[in-house]
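Participant: Below is the structure I would like to discuss, written out as structure tokens.
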Amino acid sequence: MTRSGLELRGVELRVDGQVHIHRTDVALAPQGFNILLGPTLAGKTTLMRLMAGLLKPTAGEVWFHGRNVTAVPVRARGVAMVYQQFINYGHQSVYENIASPLRVARASRAEIKARVGRIAELLQLSPLLDRRPAELSGGQQQRTALARALVKDAGLVLLDEPLANLDYKLREALRDELPRLFADRDCTVVYATTEPGEALLLGGHTATVHEGRVTQFGATSTVYRRPVDLLAARAFSDPPMNSAPVVKRGGNFELGGVTAWPAQRALAGLADGPYTVGLRPHRVQPLAGGATGAVTVEGRVAIAEISGSESVVHFDLHGSTWVSQSHGVHAFDVGTMAAFSLDVSRALYFAPDGRCVGSAED
Amino acid sequence: MSGRTPNQKAWWLVLPVVVLVAFNAVIPLMTVVNYSVQETFGDNQFFFEGVTWFEQILHSSRFHEALQRQLLFTAIVLAIELPLGVAIALAMPRRGAWASVCLVLMAMPLLIPWNVVGAMWNILALPDIGLLGHSLNAMGFDYNFTRQPLSAWLTLITMDVWHWTSLVVLLAYAGLSAIPNAFYQAARIDGASGWAVFCFIQLPKMKRVLMIAVLLRFMDSFMIYTEAIVLTGGGPGNATSLLSIDLVKIALGQFDLGPAAAMSLIYFLIILLLSWVFYTVMTRDEPQ
Amino acid sequence: MARIGLKDLRHSYGPAPQAESDWALKRLDLSFADGSANALLGPSGCGKTTLLNIISGLLRPSEGSVWFDDRDVTALPADAREIAQVFQFPVVYDTMSVYDNLAFPLRNRGVPAAAIDHRVREIAALLDLEDTLQRRASGLTADGKQKISLGRGLVRSDVNVIMFDEPLTVIDPELKWRLRSKLKELHRRIGLTMIYVTHDQTEALTFADRVIVMNEGVVVQAGTPVELFERPQHTFVGHFIGSPGMNLLPATFDGGVARFAGHAVQMSVAPRAVPANAQLQIGVRPEFVSFADTGIPVSIVKVADAGRFRVVETRHAGFSIRLLVGEDAKLPSERACLRFDPSFTQLYVDGWRLGEQPR
């Protein structure tokens with residue numbers, strides 16, 4: 001673990017004077033998953049291309065295994081990439097598809113056979129080696145693409161939304177498989193996704209990406225629970241995180257001039273003034289018939305969705321939309337008023353500039 | 001500023017193309033421009049004439065008549081081939097073995113060398129021994145394309161339609177094949193009539209390929225030479241002397257290099273201008 | 001509006017189906033109540049789109065009949081069935097304005113102009129299309145075009161049924177939330193029969209009052225989202241719905257008790273007898289498994305943090321059992337015991353829940 005993986009040192013990318021990637025300093029974890037989490041067009045793919053060497057940074061350096069590789073061409077870097085689209089050679093068998101990087105590297109026939117066999121076993125492709133990609137399901141096609149990326153033992157593997165085009169259940173199965181595949185490999189894995197749930201379940205480290213800027217990099221659960229700013233906090237939004245203006249006055253936080261709660265010990269020292277409170281949807285729970293919680297609010301129900309195991313309710317409160325996510329089935333009539341309990345002991349607080357100034361748990 | 005250092009080596013890779021284009025287009029064009037402002041005599045003597053040739057041509061009734069014949073020919077041919085081509089494409093089966101058979105049949109006329117097409121139709125239409133010409137006369141039509149201008153025109157147009165409608169068919173067919181099935185299903189559910197399906201789905205989706213078809217057919221028919229010269233030789237008289245035929249008569253027949261060069265340039269500019277007009281009109285309301 | 005009935009339906013795309021697997025749609029009887037919101041849910045290739053096209057009349061079934069109320073419509077073509085359908089990819093008449101696109105199905109049926117105008121504006125308001133009504137439809141984004149497709153599906157108020165074929169595939173996640181709730185709201189308001197086809201369980205469960213789960217041309221269960229979640233009739237439903245899916249463990253049955261690896265497991269329905277030589281499985285969702293002081297001893301293999309909960313993978317006798325543990329709950333040390341909530345634990349016989357007959 002002491003060995004360094006991939007590092008971006010002051011990397012910046014401008015195209016025709018426009019900043020595409022803002023100055024970025026990130027040292028990726030050499031083992032395990034490094035997740036780039038952000039919406040479409042946030043710059044995840046561009047970052048990957050910079051890491052791979054497909055793009056040269058306008059400023060800054062790319063280091064790999066303690067070596068400056070900024071000027072090293074892609075071919076000489078030992079990089080493998082898997083894309084959202086299942087890219088395979090349609091006219092070749094699955095075996096030939098997987099073997100192709102080894103053939104390019106002029107491996108011996110026996111070695112190719114052994115290595116393709118091993119990787120096919122790992123990805124459950126062994127019975128399909130004689131087929132053509134067109135005869136496979138989407139999941140099998142993407143596994144073939146993954147096998148081709150894995151077979152050459154690249155030091156850096158870049159996975160660009162590899163599960164996005166798969167059926168729901170297949171996605172779940174491959175998401176479980178992926179970390180195991182890389183568990184005992186000596187390579188740095190970078191994984192881009194738009195889905196917060198995927199990032200959380202894959203674990204490892206996460207970089208939240210917003211409009212060409214890496215807003216935070218750290219262990220995934222840390223980024224989720226201790227975001228440095230609003231942008232990083234909102235990166236995990238499925239459903240979106242609740243955020244609303246509050247005012248700190250004396251020892252209390254006031255929401256919409258109606259609801260107030262005392263600032264916890266760690267937050268008591270904050271200067272009075274406007275802040276933004278952030279509460280994840282599962283920290284906002286519906287209250288049944290007349291019950292009250294520590295902090296209770298009443299909002300008008302805008303959307304109510306029940307999925308069999310949980311209920312998601314959107315409601316309007318003081319002009320902003322709040323979301324509550326709760327276990328079990330809670331029926332709501334759209335347009336009616338309903339009471340919700342806010343678990344402010346788990347709230348995050350942000351200064352007007354977006355910086356996270358503290359969480360109630362500190 | 002740019003992240004990519006421009007690699008100057010790339011210019012060497014482009015060089016062959018530059019040379020090729022120079023020899024193919026630029027140099028011949030410059031030669032023509034050069035000739036068009038000079039008077040030549042044997043012995044390689046050249047005298048600068050300025051725009052004399054251009055003035056002469058633009059005022060000559062011979063040029064005007066040839067241009068009118070040319071415009072008429074192109075207009076008729078376009079008016080027949082486009083609707084006919086689209087109609088055939090609509091009638092062709094979309095999939096299955098018959099689709100392939102139809103495509104091969106359609107492609108056939110396009111594979112025949114142009115001078116052969118002219119020769120074929122010439123023989124076919126000969127009033128005494130040609131199958132078509134003889135049959136028409138036997139049926140009581142007074143048909144002789146070497147003597148009567150009307151017969152000559154009809155033969156020329158029929159030949160062009162036979163030769164080139166396939167191109168429109170193939171392009172329109174490609175356009176139709178690219179329409180997803182969901183569009184037809186949606187239209188059925190929306191209660192659209194067959195005519196509405198044609199107007200609101202098929203025609204708009206074929207628009208781009210039809211534009212290419214119009215441009216290609218316009219340019220080709222405007223420059224028609226080989227088939228026409230083999231079939232009618234511009235006759236009877238000058239009845240089918242289209243622009244290109246007339247041009248060759250001047251350039252080679254009379255060896256008036258200067259006027260021929262000037263006429264070539266005018267011809268070239270007319271095609272350029274009309275193509276541009278077609279293109280602009282047809283792409284006018286495309287979204288950006 | 002109408003009640004949709006499917007009787008003895010079967011369909012094969014090949015000319016002469018021989019084996020059972022030649023049927024894209026195996027024999028089924030199904031009905032959709034008048035004014036209900038239904039979802040057809042299943043993996044790709046399960047036959048849900050085939051079924052949809054048979055209802056809409058785009059496909060004629062090989063066998064069986066389709067009924068709208070008491071009328072046999074099997075032989076009627078799509079345009080005579082008075083239905084609306086929204087497709088997976090946007091279908092937009094390029095040369096028309098957004099307004100004309102929405103008005104198209106009404107104009108084709110000779111609705112008076114004033115009525116058309118009223119209806120088009122109403123639908124446009126619902127889908128936030130008011131500002132673009134006069135724009136050419138071809139200039140819009142994929143999102144915008146799909147909204148037009150949705151609008152054309154919703155514009156007729158006199159249709160028997162509105163069908164949606166994975167309509168939100170091309171829509172951004174943020175807008176998906178909004179459109180889904182709009183559809184739901186609309187259904188509540190106009191009360192038309194709706195059928196929504198999707199492979200996404202979240203979409204199906206949140207949109208529909210009744211979800212029909214299909215697999216390999218067979219309807220494996222039709223029920224409310226809660227029924228599908230709490231009492232899956234088939235192991236496929238247990239697996240397909242829920243993320244992660246249901247734990248399925250091999251079971252034995254003796255002395256009136258179902259056992260997993262020798263441990264007696266309490267059931268929602270006490271099994272009395274099971275067929276001999278049948279494959280028995282105990283099914284319990286990760287949501288209904290919890291750590292306890294006594295029960296099935298397991299070792300913890302892996303903990304995946306999903307934010308508001310953790311997915312804990314445990315092992316006993318070589319079988320993996322997953323459970324969900326809340327964000328704030330403490331995890332036991334490496335060795336622990338598991339308890340299955342008896343009210344939500346089922347016994348499956350050859351894949352089907354005990355007592356349910358395969359249909």
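Identifiers in this document derive from the order of the structure tokens: chains are assigned A, B, ..., residues are numbered from 1 separately in each chain, and ligands are numbered from 1 in order of occurrence.
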Kindly provide, as JSON, numbers by chain, the residues of chain C having any atom no farther than 9 Å from an atom of chain A, counting only C-alpha atoms.

Facilitator: {"C": [43, 44, 174, 177, 178, 181, 182, 185, 199, 200, 201, 202, 203, 204, 205, 206, 207, 224, 225, 226, 227, 228, 229, 230, 239, 240, 241, 242, 243, 244, 245, 287, 304, 305, 306, 307, 308, 310, 311]}

Participant: Write out as a ChimeraX atom specification all residues of segment 46-265 of chain C that DSSP puts in alpha helix (DSSP H) for this structure's backbone.

Facilitator: /C:48-56,98-107,113-126,142-154,173-190,201-207,225-230,235-240

Participant: For chain C against chain B, with a cut-off of 8 Å and counting only C-alpha atoms, what is the closest atom pair and its distance in Å to one decimal for every residue that makes the cut, ordered by chain and number, as a tab-separated table?

Facilitator:
```
residue	atom	partner	partner_atom	distance
C:Leu58	CA	B:Gln185	CA	7.0
C:Ala78	CA	B:Ile189	CA	5.6
C:Asp79	CA	B:Ile189	CA	4.8
C:Glu82	CA	B:Ile189	CA	7.7
C:Ile83	CA	B:Ile189	CA	6.7
C:Ala84	CA	B:Ile189	CA	6.2
C:Gln85	CA	B:Ala186	CA	7.0
C:Val86	CA	B:Ala186	CA	7.7
C:Phe87	CA	B:Ala182	CA	6.8
C:Val91	CA	B:Phe183	CA	5.8
C:Val92	CA	B:Phe183	CA	8.0
C:Tyr93	CA	B:Phe200	CA	5.8
C:Asp94	CA	B:Pro204	CA	6.8
C:Thr95	CA	B:Pro204	CA	6.6
C:Met96	CA	B:Phe200	CA	7.8
C:Phe104	CA	B:Asp190	CA	7.1
C:Pro105	CA	B:Asp190	CA	4.6
C:Asn108	CA	B:Gly191	CA	5.8
C:Arg109	CA	B:Gly191	CA	7.1
C:Ser138	CA	B:Pro287	CA	7.3
C:Gly139	CA	B:Pro287	CA	5.7
```

Participant: Set the distance at 10 Å and use only C-alpha atoms: which residues neighbour Thr294 of chain C once local chain neighbours fewer than 5 positions away are removed? I'd like the list as a ChimeraX atom specification.

Facilitator: /C:336-339

Participant: Pull out every residue of chain A that has at least one atom within 10 Å of chain B, counting only C-alpha atoms, and report them as a ChimeraX atom specification.

Facilitator: /A:12-18,55-59

Participant: Export N, CA and C atoms of the chosen residues as a tab-separated table (two decimals), in the first residue's frame?

Facilitator:
```tsv
chain	number	residue	atom	x	y	z
A	12	GLU	N	-4.76	20.50	-15.37
A	12	GLU	CA	-5.77	21.43	-15.86
A	12	GLU	C	-5.94	21.21	-17.34
A	13	LEU	N	-7.15	21.35	-17.85
A	13	LEU	CA	-7.35	21.21	-19.29
A	13	LEU	C	-8.18	22.35	-19.82
A	14	ARG	N	-7.62	23.02	-20.81
A	14	ARG	CA	-8.38	24.06	-21.50
A	14	ARG	C	-8.45	23.68	-22.96
A	15	VAL	N	-9.56	23.93	-23.57
A	15	VAL	CA	-9.69	23.73	-25.01
A	15	VAL	C	-10.19	25.04	-25.58
A	16	ASP	N	-9.44	25.59	-26.49
A	16	ASP	CA	-9.76	26.89	-27.10
A	16	ASP	C	-10.04	27.94	-26.03
A	17	GLY	N	-9.21	27.95	-25.01
A	17	GLY	CA	-9.34	28.97	-23.98
A	17	GLY	C	-10.39	28.68	-22.94
A	18	GLN	N	-11.24	27.69	-23.20
A	18	GLN	CA	-12.29	27.36	-22.22
A	18	GLN	C	-11.77	26.29	-21.27
A	55	LEU	N	-5.65	12.34	-23.58
A	55	LEU	CA	-5.62	13.80	-23.66
A	55	LEU	C	-4.39	14.27	-22.89
A	56	LYS	N	-3.73	15.30	-23.37
A	56	LYS	CA	-2.60	15.89	-22.64
A	56	LYS	C	-3.11	17.09	-21.86
A	57	PRO	N	-2.78	17.18	-20.58
A	57	PRO	CA	-3.23	18.34	-19.80
A	57	PRO	C	-2.56	19.61	-20.31
A	58	THR	N	-3.29	20.72	-20.23
A	58	THR	CA	-2.70	22.01	-20.61
A	58	THR	C	-1.64	22.41	-19.59
A	59	ALA	N	-1.91	22.07	-18.32
A	59	ALA	CA	-0.94	22.36	-17.27
A	59	ALA	C	-0.95	21.17	-16.32
```

Participant: Would you work out the distance separating atom CA of Tyr95 of chain A from atom CA of Ala107 of chain A, expressed in Å to one decimal?

Facilitator: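 Separating atom CA of Tyr95 of chain A from atom CA of Ala107 of chain A is a distance of 14.8 Å.
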
Participant: Give me, as a ChimeraX atom specification, all polymer residues having an atom no more than 10 Å from Asp272 of chain A, counting only C-alpha atoms and skipping those fewer than 2 positions away in the same chain.

Facilitator: /A:247-253,268-270,274-275

Participant: Please return, as a VMD selection string, all residues of segment 20-256 of chain B that DSSP assigns to strand (DSSP E) on the basis of the backbone.

Facilitator: chain B and resid 38 to 41 45 to 48

Participant: Those residues you just picked out, can you put them in a file as an mmCIF file, in the first residue's frame with N, CA and C atoms?

Facilitator:
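Generated file (out_9.cif):
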```cif
data_model
loop_
_atom_site.group_PDB
_atom_site.id
_atom_site.type_symbol
_atom_site.label_atom_id
_atom_site.label_comp_id
_atom_site.auth_asym_id
_atom_site.auth_seq_id
_atom_site.Cartn_x
_atom_site.Cartn_y
_atom_site.Cartn_z
ATOM 1 N N GLN B 38 -8.098 34.792 -74.105
ATOM 2 C CA GLN B 38 -7.118 34.919 -75.169
ATOM 3 C C GLN B 38 -7.718 34.473 -76.503
ATOM 4 N N GLU B 39 -7.081 34.952 -77.560
ATOM 5 C CA GLU B 39 -7.397 34.450 -78.896
ATOM 6 C C GLU B 39 -6.193 33.616 -79.323
ATOM 7 N N THR B 40 -6.467 32.448 -79.846
ATOM 8 C CA THR B 40 -5.326 31.627 -80.269
ATOM 9 C C THR B 40 -5.312 31.513 -81.778
ATOM 10 N N PHE B 41 -4.107 31.382 -82.266
ATOM 11 C CA PHE B 41 -3.930 30.997 -83.659
ATOM 12 C C PHE B 41 -3.020 29.805 -83.636
ATOM 13 N N GLN B 45 0.342 31.018 -80.875
ATOM 14 C CA GLN B 45 0.344 32.463 -80.668
ATOM 15 C C GLN B 45 -0.919 32.853 -79.921
ATOM 16 N N PHE B 46 -0.741 33.626 -78.864
ATOM 17 C CA PHE B 46 -1.876 34.041 -78.035
ATOM 18 C C PHE B 46 -1.981 35.550 -77.999
ATOM 19 N N PHE B 47 -3.217 36.025 -78.083
ATOM 20 C CA PHE B 47 -3.443 37.463 -77.968
ATOM 21 C C PHE B 47 -4.496 37.692 -76.907
ATOM 22 N N PHE B 48 -4.231 38.638 -76.024
ATOM 23 C CA PHE B 48 -5.162 38.917 -74.946
ATOM 24 C C PHE B 48 -6.431 39.556 -75.485
#
```

Participant: List as a PyMOL selection string the protein and nucleic acid residues near segment 142-155 of chain B, meaning an atom at most 8 Å away when only C-alpha atoms are counted, but skip any in the same chain fewer than 3 places from it.

Facilitator: chain B and resi 121+125-127+133+136-137+158-159+232+235-236+239-240

Participant: Between C:Ile55, C:Val120, C:Ala270, C:Leu126, which is the closest to Val161 of chain C once you count only C-alpha atoms?

Facilitator: C:Ile55

Participant: What's the separation between atom CA of Leu6 of chain C and atom CA of Gln18 of chain C, in Å to one decimal place?

Facilitator: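 Atom-to-atom, atom CA of Leu6 of chain C to atom CA of Gln18 of chain C, that is 22.7 Å.
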
Participant: Which polymer residues have any atom within 12 Å of an atom of segment 55-67 of chain B, counting only C-alpha atoms, with same-chain residues fewer than 2 positions away left out, as an MDAnalysis selection string?

Facilitator: chainID B and resid 36:37 49:53 69:74 222:223 234 238:247 249:250 258:267 270:271

Participant: Export, as a short mmCIF file (atom, residue, chain, number, x, y, z; two decimals), in the first residue's frame, the selected residues with C-alpha atoms.

Facilitator:
```
data_model
loop_
_atom_site.label_atom_id
_atom_site.label_comp_id
_atom_site.auth_asym_id
_atom_site.auth_seq_id
_atom_site.Cartn_x
_atom_site.Cartn_y
_atom_site.Cartn_z
CA SER B 36 -10.98 32.18 -72.03
CA VAL B 37 -9.37 35.60 -72.19
CA GLU B 49 -8.84 39.51 -75.61
CA GLY B 50 -10.24 40.40 -72.19
CA VAL B 51 -13.92 39.60 -71.74
CA THR B 52 -14.70 39.61 -75.46
CA TRP B 53 -15.52 35.91 -75.61
CA ARG B 69 -32.82 23.21 -74.35
CA GLN B 70 -30.63 22.20 -71.46
CA LEU B 71 -32.90 23.73 -68.82
CA LEU B 72 -35.95 22.16 -70.39
CA PHE B 73 -34.31 18.76 -70.55
CA THR B 74 -33.19 18.91 -66.91
CA PHE B 222 -27.22 19.30 -66.77
CA MET B 223 -23.90 17.89 -67.89
CA GLY B 234 -27.27 16.59 -81.05
CA ASN B 238 -29.55 21.24 -83.43
CA ALA B 239 -32.77 19.96 -81.83
CA THR B 240 -30.99 18.01 -79.09
CA SER B 241 -27.80 20.04 -78.94
CA LEU B 242 -27.65 20.42 -75.21
CA LEU B 243 -25.06 22.70 -73.64
CA SER B 244 -22.28 20.15 -73.34
CA ILE B 245 -22.77 18.92 -76.90
CA ASP B 246 -22.70 22.43 -78.23
CA LEU B 247 -19.60 23.14 -76.19
CA LYS B 249 -18.86 21.24 -81.17
CA ILE B 250 -17.30 24.63 -80.65
CA GLY B 258 -11.07 30.86 -76.52
CA PRO B 259 -14.87 30.87 -76.89
CA ALA B 260 -15.04 27.23 -75.80
CA ALA B 261 -13.08 28.04 -72.65
CA ALA B 262 -15.27 31.02 -71.90
CA MET B 263 -18.36 28.92 -72.47
CA SER B 264 -16.99 26.21 -70.16
CA LEU B 265 -16.58 28.77 -67.42
CA ILE B 266 -20.08 30.14 -67.90
CA TYR B 267 -21.41 26.57 -67.92
CA ILE B 270 -24.39 28.17 -63.98
CA ILE B 271 -24.15 24.68 -62.45
#
```

Participant: Measuring between only C-alpha atoms, which one of C:Gly14, C:Gly217, C:Gly295, C:Gly283 shows the shortest distance to Gly262 of chain C?

Facilitator: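 The shortest atom-to-atom distance to Gly262 of chain C comes from C:Gly295.
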